[in-house]
Every structure is written in structure tokens, then in C-alpha cells.
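Engineer: The structure follows.
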Amino acid sequence: MFWFDQLINGLTIGSVYALIALGYTLVYGILQMINFAHGEVFMLGAFAGYFVLLAVGGDDLGGATIIPAIVLAMFVAALASSSAAVVIERIAYRPLRNAPRLAPLISAIGVSVALQNIVLRMTGGRDRVYPRIFPGGSFGFGDFQVGYIQAFLIVASVLMMAALLVFIQRTRTGRAMRAVAENRATASLMGIDVDRTIVTTFVVGAALAGVAGVLQGLWIPNIRGTMGFLPGIKAFTAAVVGGIGSVPGAMVGGFFLGLTETVGRELLSAIPGVHLPNEWSDVIAFSLLVLVLVFRPTGIFGERVSRRA
Amino acid sequence: MRELQEGADRRLRAWRGRAAGGAALAAQPWHAARERLRAAEERTRLPIANVLVLVVALSLPFWPVIDSRWLRILVLVGIFVVLGLGLNIVVGYAGLLDLGFVAFFATGAYTYAILSSPASPALQADLNWWLAIPVVLAVGSVVGVLLGLPVLPLRGDYLAIVTLGFGEIVRILLLNVVGLTNGAQGLFNIPRPEFAGWVLEALDHWYWVLVLASFILAFAVGRMRASRMGRAWEAIREDEDVAAGMGVNTVKYKLLAFAMGAAIGAFGGLVFAGFFTFVNPSSFTLLVSINVLSIVVIGGMGSTPGVVLGALILIGLPEVLQFDETSRLLSLFNPIVPFADTSLWGRQLASARFIVFGLMLVAVMALRPQGIFAAARPQVRLPRASGR
């Protein structure tokens, strides 16, 4: 059924947005800065996963061997993305922590441009294609069919989000992250190593983005150096919609944005005389961003921050 | 009278902070302060240096080394100088980080293309390029205000990402509103500028027109900066809340910054369309915005010579690196550098230019945030009140 398919597509892409959005929101909560290079961290994860899958057999993988292969790919992707984030934080953000507002932002744009072009250059500007190892079928009854891959994406990302919530709420490190987000100076006085907590935050956000890169690669196989740009902005939109700084907000915002841009575009296209090609999803997402920032800057769950200097 | 003077003097000292000082000057028509500011401006202006630069720039086509390849590059650099001057108002003066500057560049190019190209599906009007200048400036500033209105309450990061979105939306619109823009094919056979039988076609003519245009624009921008409007911009950049508190109409001046920047960006688009005689959406990507931003930031935010130098380094140098002469020159290093063909270095560096730009942005922010040419800030020294 067409509308059901759109709903599932929206949830699937939304789960990718949600995973990336968590990285924005975690870093924002702690540093009040937008990590512009986060989309590129996602891209690096996708590439790391791609090389792992290629190394362990590529298209020849089949049957039960795909499970350990995918798990390994996700693990390495998380590792690669986290390492990249640690380096980025150390080089581009930490020296500018007390600089004027625009400085870390411009620095982040620089990192983002450099990373995109480094990968583009290493891949010769051509797309790489993920091995198609995931079984292509679907399940469900009658017209209501869900692809295995889509179900896998949604379930995997929901599990990761649950793990993140437990991490933040139940562990010492999670408590330190919340404390630093609440008040950096006070947290430091309470004996929390603020620098280390900030790095941890970057690492957690980047790991989620890296796994999201592999998940998206399994679903939409073409990857390239610039692939992080659009999901990056959209995940940011998702974080803002949910209320930036709020972890549940980023999750809800991700799914909300995924649904809005797929189902919303189809709904608009259903108006007679209107035909909106795929790119209009982007227009819908950006318009949503502007509307939310102008009319409800707090998002669904967050505090009012967009006007804070 | 004396008390009044002392009162004013006391208040002024309280406003010594840069932001507050600028805001105060912008808010009150203080004749004495204005006079002094003007005098200070005049002193720092160095007209001789400007005339010298102009003469050297205009004479370049007569230099024996400058052939058509160089001129082509210089024209390209000139277009980016124009764009940089526009973005410099928004980012450098008013401190509004606009990542969607390509939107205004595209507006200018497409306004002229739609009104003049024989391939234009609608509104074709055989508009003369020279007559298009006021049209494009007007359309550009209107688009600047329109895109500025929704982002007025946003600051810093949010402004950046929303303007980035606007840049993308404009590109998607260019691709999809086929009835106006001819979609992905774009518009071609755009007429070259023509005036009383003189068709602007030769590279050296284009170059001279661009040098003169850049000088006029640089002068205009310099006057804007020295005006009340410019002081309001700088006050907003330093601290918007303080500026508003001092009576600066932040809404008006932010919109003016967007409008002025957009008008100049649109003029850059007009030059682009007239020079290349075709436009299509693939010329108006995020990379243009990144290029212009890099020029402004690396050259020195708020600095006009910085824009020129930035454009020469970021736009001109990568092209020159690809010359055969450069390869030959670089191959001289071959005997001392093992395991590498040094003659390829120029081309390799040129093709990796965006990697270098990105790293340069990071390095400039960390090591020299004011850029290569730190902007000179117009300063006013107020006299001590007599008898103290």
C-alpha cells in the first residue's frame, strides 16, 4: 500500500536522522555550539563500514555470515567516527573554546570542507557502492509490507537510542555529561574532568553517527564524500525541531522530520496539478527548520536557545 | 553649556567599550564626533596608495607576461572580489554569518539571463546589460531583504545553517521552476554587454571594467562603513543587545546589511552571466558560498584589501599553479626531492584546493582570527573636557 510504504520510508530515514541528530544535540547541550562537521563524521562512518564489508568478503557474503560482518562494520565505523571526532575536537574546537562566537563555527566549516574533499579525492570523485548483502525481501500481511532492511534500520536505531538513554541516565560518565551540560564551572568544582567529559560527548555522538552511516549504506548503497552534507543539515533540523540540547527531542525530531519530508511531499503531490520531485524533500526540511526557529525556537522539548548570544 | 559638555564627556567615557562606543555614535547625531571620525578616516585613507594600486591594476594587461590566460584568471578573480566585497558587509561589518551567499549571486545572474537570453522561456525582454545593472541591484536587495526577514531573530550558528538552507533552496528552485529558468539546461546565448556599438567581449576590456567596478564598489563600501549605518553594523557585530540598548534600530540595520550585501552579490552574478554568456544551476552550489566565505575570512573579516588579497590567493593562485610554466619551474626541485615528481605539485595542490581552504579556515581561526589583512577600525578620540 502506497501510503503505508511512505510511512515506513519516513520512519527509516527518520531513524538515520535521529541517530545523527543525537550527536548535534549532545554537543550542543554541553558546549552550546553546532558541530558543523558532524555530517562528515557520519560520512566517515559510512566509508569505514564499507571498507570493512569489502575486506571480509563483499558481495560474496551470504547466509548467517552477514550478521558478524555487519556487527564488525558497525563497530569499526563507530571507532573510526569517534577517532575523527576526537581529533576534530582537539584541533578545531578546543583552542577556540573562549574565542568569539563565530570562530569555532568557521573552524568547523573548514573541517567539514576539508574532510569532504579529502574523501572525494581518495575515491576519485566517484560513488562507492555498498555490497548488497542484506536480504531484499519483506514481511507483513497483505498490502502492509515492511522491507527487512527497513525493519532492521528502525530496530537497530531504536536499540541504540535506548542504550544511549541508559548510558546517560545510569552511568557515572553519563552523570558527568549531564552535570557539565548543566553548568560547566560547577561541574569542574565538583571534581569532574570537564575536558574529558567534552571529549566523551563528542565520542558518543560520533559513534552513533558512524553506525548511522553503515545503516544508511546498507539501505541506500551509494556513498560519496559529500554524502554527509544533506543528512547533516537535516539531522540538525531534527535536533532543532525536537528542541536542541534535549536527547529525547532529537529522537522524536528525527522521526518527525523523516515522516514530514516523505509523507509530506507525497501529500503535497497528491494535490492535483502539483508534482514535486524528490529534491523537494530538502525544501520541506529547510522550510520546517525556518518555521520552527521563527515560531517555536524551543522545539518540542527544548529550552529557548536560538536567540541566546 | 560647560556642564552639558562634561556630562557628554562622562557618558562617552562610560562607553569606551568598542561596541557601546560604536552604538552610541550610531544612535546620536553627534556632529563633533562625526567630524572627528571623518578626519580620522581621511588620515587613514592614503589616497596615494589607492591611486597607485589602481594604476598598477589598470596597467596589468600591458605587462609582457600577462597573456590571455592571466587575464581570464584576473577576470575570475575580479568577479570574486565583487562577491567578497558584498559578503564582507554581511559577515565582516555586521557579523552575520551568511552561508547562502550563492543565492544572491544566482539571483543576479538569473535576473539578467531571464530578461535577456533568447532561450528564456518567460519574461524575455532583450534587456541591455548596462541597463540591467540598476534592475539587478534592485532585485538583489529585495531578495536580500526577503531572505533576511525570516532570519532576523536568529544569531550565530542558527543564522549560518538557515542561510545555508536558503542557498540550497535557491539551487533547487533554479532546477525545478523550469518555466522561468529552463531547469537543468540553464539559459544560454546571453547577450554580452553592449553600449553604442561597443561590445564588451575582449578579455582586457572585461578586466578593466571589473577593476573600475571593484574600485567604485570598494569606495562605496568604505563610505558605508564610515557612515552611521556602518557604525550601527559594527555595534551589532560586537554586541547586538548592547547596540539595541543604545538605540540602534537593529532590525533596520541588519536588513540594510543583507540588502547591501545581496545587491553587490547580485551584481557579481550579472558580471558572471555577461562574461560567460550562459548560466545553469550547477554553477550555483554551496562551493561558491564556501569560496567567498573563505576569501573574506582568510583575507581578513571587514577588510577591503583583505578581500582582494583573499581572492587573488584563493581563486587566482590555484589557476596559476596549473600553468605549464609552473610545472617547469617546480620540476627544478626534482633533483633535490626524492621519490616525487615535483613538476606535478602545482596541479596536485590546485586540485586539492578545497582541502587546503578548509584547513586554512581552521588555521586562521586558531592562529590569526583577524585574517591576513586585519581590518583597520575607524577610531575616534574624544577630547578631554577642558579644565580637567
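Chains: A, B, ... in order of the C-alpha cells. Residues: from 1 per chain. Ligands: from 1, in order shown.
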Using only C-alpha atoms, which residues sit within 12 Å of A:Thr201 once same-chain residues fewer than 3 positions away are excluded, as a PyMOL selection string?

Structural biologist: chain A and resi 22-31+35+82+85-86+89+164+167-168+173-178+180-181+194-198+204-208

Engineer: Applying 10 Å and only C-alpha atoms, which residues near stretch 315-321 of chain B remain after dropping the ones on its own chain fewer than 2 positions away? List them as a short mmCIF file (atom, residue, chain, number, x, y, z; two decimals) with N, CA, C and O atoms, in the first residue's frame.

Structural biologist:
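Result went into out_11.cif, see below:
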```
data_model
loop_
_atom_site.label_atom_id
_atom_site.label_comp_id
_atom_site.auth_asym_id
_atom_site.auth_seq_id
_atom_site.Cartn_x
_atom_site.Cartn_y
_atom_site.Cartn_z
N ARG B 69 45.60 33.91 -20.77
CA ARG B 69 45.30 33.02 -19.63
C ARG B 69 45.26 33.81 -18.33
O ARG B 69 44.36 33.65 -17.52
N TRP B 70 46.26 34.68 -18.16
CA TRP B 70 46.30 35.50 -16.96
C TRP B 70 45.06 36.39 -16.87
O TRP B 70 44.48 36.54 -15.81
N ARG B 72 42.13 35.98 -18.13
CA ARG B 72 40.94 35.19 -17.80
C ARG B 72 40.87 34.95 -16.29
O ARG B 72 39.82 35.09 -15.67
N ILE B 73 42.03 34.60 -15.74
CA ILE B 73 42.08 34.37 -14.30
C ILE B 73 41.77 35.65 -13.55
O ILE B 73 41.02 35.65 -12.58
N LEU B 74 42.35 36.76 -14.04
CA LEU B 74 42.12 38.03 -13.35
C LEU B 74 40.65 38.43 -13.39
O LEU B 74 40.12 38.99 -12.43
N VAL B 75 39.97 38.13 -14.51
CA VAL B 75 38.54 38.43 -14.59
C VAL B 75 37.80 37.61 -13.54
O VAL B 75 36.94 38.11 -12.82
N LEU B 76 38.18 36.32 -13.45
CA LEU B 76 37.55 35.44 -12.46
C LEU B 76 37.79 35.97 -11.04
O LEU B 76 36.88 36.04 -10.21
N VAL B 77 39.05 36.38 -10.81
CA VAL B 77 39.38 36.96 -9.51
C VAL B 77 38.52 38.19 -9.26
O VAL B 77 37.98 38.39 -8.17
N GLY B 78 38.35 39.01 -10.31
CA GLY B 78 37.55 40.23 -10.18
C GLY B 78 36.12 39.92 -9.77
O GLY B 78 35.55 40.59 -8.90
N ILE B 79 35.53 38.88 -10.38
CA ILE B 79 34.16 38.51 -10.02
C ILE B 79 34.10 38.15 -8.53
O ILE B 79 33.20 38.56 -7.80
N PHE B 80 35.12 37.40 -8.08
CA PHE B 80 35.10 37.01 -6.67
C PHE B 80 35.44 38.18 -5.74
O PHE B 80 35.02 38.17 -4.58
N VAL B 81 36.19 39.16 -6.25
CA VAL B 81 36.40 40.37 -5.42
C VAL B 81 35.06 41.05 -5.19
O VAL B 81 34.73 41.44 -4.06
N ASN B 291 33.66 29.34 -1.05
CA ASN B 291 34.75 30.10 -1.65
C ASN B 291 34.75 31.54 -1.18
O ASN B 291 35.77 32.07 -0.74
N VAL B 292 33.60 32.18 -1.28
CA VAL B 292 33.52 33.60 -0.93
C VAL B 292 33.77 33.78 0.57
O VAL B 292 34.49 34.69 0.99
N ILE B 295 37.39 33.55 1.23
CA ILE B 295 38.08 34.78 0.81
C ILE B 295 37.98 35.83 1.90
O ILE B 295 38.97 36.44 2.30
N LEU B 309 43.16 40.48 -1.66
CA LEU B 309 44.25 39.52 -1.47
C LEU B 309 43.69 38.10 -1.36
O LEU B 309 44.22 37.16 -1.97
N GLY B 310 42.60 37.96 -0.62
CA GLY B 310 41.97 36.65 -0.47
C GLY B 310 41.57 36.08 -1.82
O GLY B 310 41.80 34.90 -2.11
N ALA B 311 40.96 36.92 -2.66
CA ALA B 311 40.53 36.44 -3.97
C ALA B 311 41.73 36.06 -4.83
O ALA B 311 41.70 35.05 -5.54
N LEU B 312 42.80 36.87 -4.75
CA LEU B 312 43.99 36.54 -5.54
C LEU B 312 44.56 35.19 -5.11
O LEU B 312 44.91 34.35 -5.95
N ILE B 313 44.64 34.96 -3.79
CA ILE B 313 45.24 33.72 -3.30
C ILE B 313 44.32 32.52 -3.55
O ILE B 313 44.75 31.48 -4.03
N PHE B 323 49.52 26.20 -14.54
CA PHE B 323 50.24 26.58 -15.76
C PHE B 323 51.39 25.62 -16.03
O PHE B 323 52.01 25.09 -15.11
N ASP B 324 51.70 25.45 -17.31
CA ASP B 324 52.86 24.61 -17.67
C ASP B 324 54.15 25.22 -17.13
O ASP B 324 55.06 24.50 -16.71
N GLU B 325 54.23 26.56 -17.16
CA GLU B 325 55.44 27.20 -16.65
C GLU B 325 55.67 26.84 -15.19
O GLU B 325 56.80 26.63 -14.76
N THR B 326 54.56 26.81 -14.43
CA THR B 326 54.69 26.47 -13.01
C THR B 326 55.26 25.07 -12.88
O THR B 326 56.14 24.82 -12.05
N SER B 327 54.74 24.13 -13.71
CA SER B 327 55.25 22.77 -13.65
C SER B 327 56.74 22.74 -13.95
O SER B 327 57.51 22.06 -13.28
N LEU B 330 58.63 24.10 -11.08
CA LEU B 330 58.65 23.16 -9.95
C LEU B 330 59.55 21.96 -10.23
O LEU B 330 60.12 21.37 -9.32
N LEU B 344 54.55 17.97 -10.74
CA LEU B 344 53.11 17.76 -10.57
C LEU B 344 52.55 18.49 -9.36
O LEU B 344 51.34 18.58 -9.20
N TRP B 345 53.42 18.99 -8.51
CA TRP B 345 52.96 19.56 -7.25
C TRP B 345 51.93 20.67 -7.45
O TRP B 345 50.94 20.74 -6.72
N GLY B 346 52.20 21.55 -8.43
CA GLY B 346 51.28 22.67 -8.67
C GLY B 346 49.88 22.18 -8.95
O GLY B 346 48.91 22.58 -8.32
N ARG B 347 49.79 21.25 -9.92
CA ARG B 347 48.47 20.73 -10.29
C ARG B 347 47.81 19.99 -9.13
O ARG B 347 46.61 20.09 -8.90
N GLN B 348 48.64 19.22 -8.42
CA GLN B 348 48.07 18.47 -7.29
C GLN B 348 47.50 19.41 -6.24
O GLN B 348 46.40 19.22 -5.74
N LEU B 349 48.28 20.46 -5.96
CA LEU B 349 47.82 21.43 -4.95
C LEU B 349 46.54 22.11 -5.45
O LEU B 349 45.59 22.32 -4.68
N ALA B 350 46.51 22.43 -6.74
CA ALA B 350 45.33 23.11 -7.28
C ALA B 350 44.11 22.21 -7.19
O ALA B 350 43.02 22.66 -6.84
N SER B 351 44.28 20.91 -7.47
CA SER B 351 43.09 20.06 -7.45
C SER B 351 42.68 19.74 -6.02
O SER B 351 41.55 19.33 -5.78
N ALA B 352 43.59 19.96 -5.09
CA ALA B 352 43.23 19.74 -3.68
C ALA B 352 42.87 21.05 -3.01
O ALA B 352 42.92 21.17 -1.80
N ARG B 353 42.48 22.04 -3.80
CA ARG B 353 42.37 23.38 -3.23
C ARG B 353 41.36 23.46 -2.09
O ARG B 353 41.57 24.16 -1.12
#
```

Engineer: Taking only C-alpha atoms into account and nothing else, which residues of chain B lie no more than 8 Å away from chain A? Please answer as a VMD selection string.

Structural biologist: chain B and resid 97 150 to 151 153 to 158 161 to 162 165 to 166 169 172 352 354 to 363 365 to 366 369

Engineer: Quick one: residues within 8 Å of B:Leu270, only C-alpha atoms counted, chain neighbours fewer than 5 positions away excluded, as number ranges by chain?

Structural biologist: B: 105, 108-112, 133, 136

Engineer: Store the residues picked out above, limited to C-alpha atoms, as a compact mmCIF listing (two decimals), in the first residue's frame.

Structural biologist:
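The result, written out as again-v7.txt:
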```txt
# COMPACT_ATOMS: atom_id res chain seq x y z
CA PHE B 105 24.96 35.57 -6.92
CA GLY B 108 21.81 38.46 -10.21
CA ALA B 109 22.93 36.03 -12.88
CA TYR B 110 19.47 34.63 -13.47
CA THR B 111 17.72 38.01 -13.39
CA TYR B 112 19.81 39.19 -16.30
CA ILE B 133 22.68 46.99 -13.59
CA VAL B 136 19.81 43.59 -10.80
```

Engineer: Between A:Val155, A:Phe144, A:Ser81, A:Ile133, which is the closest to A:Gly57 once you count only C-alpha atoms?

Structural biologist: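 When distances to A:Gly57 are compared using only C-alpha atoms, the smallest one comes from A:Ile133.
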
Engineer: Please provide the set of residues having any atom within 9 Å of stretch 85-90 of chain B, restricted to only C-alpha atoms, with same-chain residues fewer than 6 positions apart removed, written as a PyMOL selection string.

Structural biologist: chain B and resi 96-98+101+214+217-218+221+225+230+233+254+257-258+260-266+268+292-293+296-297+301-304+307-308

Engineer: Between B:Leu286, B:Val199, B:Val337, B:Leu255, which residue has the minimum interatomic distance to A:Phe229, considering only C-alpha atoms?

Structural biologist: B:Leu286

Engineer: When you look at A:Val129 with a cut-off of 12 Å (counting only C-alpha atoms), what residues show up, excluding the ones that are within fewer than 6 positions of it in the same chain? I need them as a ChimeraX atom specification.

Structural biologist: /A:46-47,49-51,53-54,58-59,123,214,216-224

Engineer: Please measure the separation of atom CA of B:Phe188 and atom CA of B:Thr277, giving the value in Å to one decimal.

Structural biologist: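 Rounded to one decimal, the two atoms are 6.1 Å apart.
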
Engineer: Within stretch 65-297 of chain A, find each residue whose DSSP state, derived from the backbone, is strand (DSSP E), and express the selection as a ChimeraX atom specification.

Structural biologist: /A:128-129,138-141,144-147,222-223

Engineer: May I ask which of the residues B:Leu58, B:Val209, B:Ala113, B:Leu152 is the closest one to B:Leu256, counting only C-alpha atoms?

Structural biologist: B:Leu152
